[in-house]
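A quick write-up on the structure given underneath.
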Amino acid sequence: MRMRHRALISGLFLALVGIACVALFAGKAHAEWDRTYEQYDGNGWSMSADGVMTIESNEGWIDFLRYGIIDYFNWFIPEKVNELVIGESVTNFRMYDLPYELPTPDFFSKEDILGYDTLGKPYYNYPVEISLLPLKISVEEGNTTFQVIDGLLINLETDELVLAELGVYDVVIPEGVKAITCKAFESGRVHTVQFPSTIQTIGESAFASCQNLKCILLPDTIKEIGASAFDYCKNLSEVKLPHGLTEIALSTFNSCAIQYIEIPSSVEKIDAVAFADCSRLKQVDIRGEVKEIGGGAFYRCSALNLIRLPQGIEFIGRGAFELCENLRTMILPDSLQQIGPEAFSGCSLSLLSIPDSLVIPTYDNQKFEYQVNPYAKTDKSFDLSSVDTVILSGNDYDFGYPAISHATNVYFLGKPPEDVGQILDEDSVENIYCSDEFEFEWTRSTVASWVRQRLTILPAEQIKTLTETAVNTTPVPTNTPKPIVTPRPTETPWPTPMSRPTASPAPTTAPEKHTTDPILFVFAGVLAAVFAGIVIVAVNRKKTKKHNRKKSG
């Protein structure tokens with residue numbers, strides 16, 4: 001009997017454990033997948049208990065942006081809502097990049113000002129992030145401004161795509177759409193995007209954090225891509241930029257999986273952190289017109305092994321190539337006028353070629369700009385981890401003390417810079433070479449004694465041959481796949497006719513692709529454990545009965 005009771009108790013214990021696990025994980029699943037909403041009635045907008053957010057008027061949307069998010073966002077308005085309803089009278093709806101982009105000129109009042117920055121500009125109490133991730137979007141009957149097409153909310157008057165349903169996967173943007181506005185697809189589940197021939201602009205953060213996006217082929221009709229447009233699309237590996245684009249904006253492709261990028265000849269500026277943390281980026285092909293590379297533009301692109309800077313470039317920002325661990329050759333063109341501090345911090349170069357004259361400016365944290373200050377001699381360094389060969393073509397340099405360190409061989413093609421003994425690091429620079437054309441200038445007492453002690457004077461032809469060979473040796477890049485332009489699929493036409501409809505048709509949504517909920521696997525495991533417990537109990541009971549029969553017999 002004791003064995004029977006023990007088996008029964010074991011089985012019951014396993015069953016109770018299974019039920020407890022089911023309850024625990026069911027509760028967790030409910031918390032993660034089924035959001036709870038608190039009903040709220042704002043001034044021109046509302047939120048229902050079942051997660052339906054209704055924007056009743058233009059003033060209601062402005063009220064929500066100003067007060068709904070700031071005062072109630074964490075309590076009443078989760079960024080993911082079950083349904084977003086655009087009211088009949090709404091004609092102005094889109095996301096904004098606050099506080100830089102204001103919905104109305106008087107969006108902030110004097111009472112909203114928290115203080116002033118060093119330039120005297122006011123700063124306000126506004127939310128850091130403003131996003132809406134609706135599972136469904138609908139437009140009330142009678143609204144002639146907005147229409148939902150395949151899960152995309154489109155402003156028919158401005159020809160803008162302003163927001164997408166969270167569940168859209170393979171996006172085909174209708175012909176007639178000219179712009180994708182701020183955060184339209186942010187954090188969405190987008191897999192592919194087909195752009196229309198009418199598209200001209202992609203707004204700030206339009207596709208930011210779209211984790212499933214792998215390839216983007218941008219048509220040449222696009223002239224502007226906003227800051228952070230594809231920021232943190234961590235699986236985006238293939239990108240074709242449009243010819244006609246003039247700037248790659250701030251953080252446009254930050255933390256993407258791009259391996260190769262061709263910069264069209266129309267691009268004049270690569271802004272700060274444009275490709276930062278693209279850890280798989282191996283090759284950058286700049287086709288000609290870039291004049292400026294912003295600070296940290298290629299920060300921590302650890303796989304980058306080949307980039308050629310074009311003649312015509314004038315400015316490189318602070319830390320532009322910081323921690324590019326595989327970068328070996330950097331030839332700075334003669335057109336370069338300024339290069340920010342620590343441009344190659346953490347790099348181990350084989351070759352650094354410096355033009356006739358160059359300035360490392362200092363950054364003014366109060367005026368938020370670089371300034372040429374020949375009297376400042378700190379924080380004006382290339383900050384290299386190491387470099388095999390440095391070639392300096394001239395002697396007109398505004399560098400810090402020291403600017404060049406951990407160098408094996410330093411070649412000077414001209415006269416010695418006035419402060420050569422200070423811009424070179426005495427503790428880590430090994431060999432210094434100059435041409436016999438300038439032997440007199442290099443052997444004068446005005447040149448630091450430690451420099452003269454390590455100096456080797458070479459015939460002019462020899463030093464020319466050595467340096468030209470080093471500069472003209474083309475590194476062999478790692479084989480990197482390039483984007484392949486695929487045929488355009490059939491375009492989705494703009495609603496016909498173009499006249500404004502009197503009623504918005506029911507939104508057509510593509511069937512949502514469902515993935516297996518991981519909680520189901522947990523349930524299956526728990527049920528298996530419970531079933532195993534029951535089997536164990538049954539087996540033990542059978543053994544006990546058999547044992548008792550033998551004992552009684």
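Lettering and numbering for the structure tokens are positional, with chains as A, B, ... in the shown order, residues counted from 1 in each chain, and ligands counted from 1 in the shown order.
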
Quick one: DSSP alpha helix (DSSP H) residues in range 326-462 of chain A, as a list in words?
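Residues meeting the alpha helix (DSSP H) criterion: Val420, Gly421, Gln422, Ile423, Glu439, Phe440, Glu441, Trp442, Ser449, Trp450, Val451, Arg452, Gln453, Ala460, Glu461 and Gln462 of chain A.
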
Neighbouring residues of range 105-110 of chain A were defined as those with any atom within 10 Å, considering only C-alpha atoms; residues of the same chain fewer than 4 positions away were excluded. Please report them as a PyMOL selection string.
chain A and resi 62-63+65-66+99+101+114+122-126

Measure the distance from CA of Asp419 in chain A to CA of Ser449 in chain A in Å and round it to one decimal.
12.2 Å

Which residue is closest to Ser405 in chain A? Choose from A:Gln371, A:Ser345, A:Ser357, A:Pro310 and count only C-alpha atoms.
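Answer, going by the shortest atom-to-atom distance: A:Ser345.
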
Restricting the calculation to only C-alpha atoms: of A:Phe344, A:Phe195, A:Phe146, A:Phe438, which residue gets closest to Pro242 in chain A?
A:Phe195

Range 380-493 of chain A: which residues are strand (DSSP E) by DSSP, as a list in words?
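Answer for range 380-493 of chain A restricted to strand (DSSP E) is Ser386, Val387, Asp388, Thr389, Val390, Ile391, Leu392, Asp396, Tyr397, Asp398, Ala407, Thr408, Asn409, Val410, Tyr411, Phe412, Asn431, Ile432, Tyr433, Cys434, Ser435, Leu455, Thr456, Ile457 and Leu458 of chain A.
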
For CA of Ile404 in chain A and CA of Gly288 in chain A, determine how far apart the two atoms are, in Å to one decimal place.
28.5 Å

Selection near Ser46 in chain A, 9 Å with only C-alpha atoms, sequence-local residues under 6 positions removed, as a PyMOL selection string:
chain A and resi 39-40+52-56+60

Write the residues of the preceding selection, restricted to C-alpha atoms, as an mmCIF file, in the first residue's frame.
data_model
loop_
_atom_site.group_PDB
_atom_site.id
_atom_site.type_symbol
_atom_site.label_atom_id
_atom_site.label_comp_id
_atom_site.auth_asym_id
_atom_site.auth_seq_id
_atom_site.Cartn_x
_atom_site.Cartn_y
_atom_site.Cartn_z
ATOM 1 C CA GLN A 39 -10.012 53.666 -21.544
ATOM 2 C CA TYR A 40 -9.300 57.358 -21.990
ATOM 3 C CA VAL A 52 -9.016 51.004 -30.432
ATOM 4 C CA MET A 53 -7.478 54.450 -30.731
ATOM 5 C CA THR A 54 -9.609 57.011 -32.565
ATOM 6 C CA ILE A 55 -8.325 60.345 -33.864
ATOM 7 C CA GLU A 56 -11.457 62.450 -34.216
ATOM 8 C CA GLY A 60 -7.251 65.843 -31.503
#
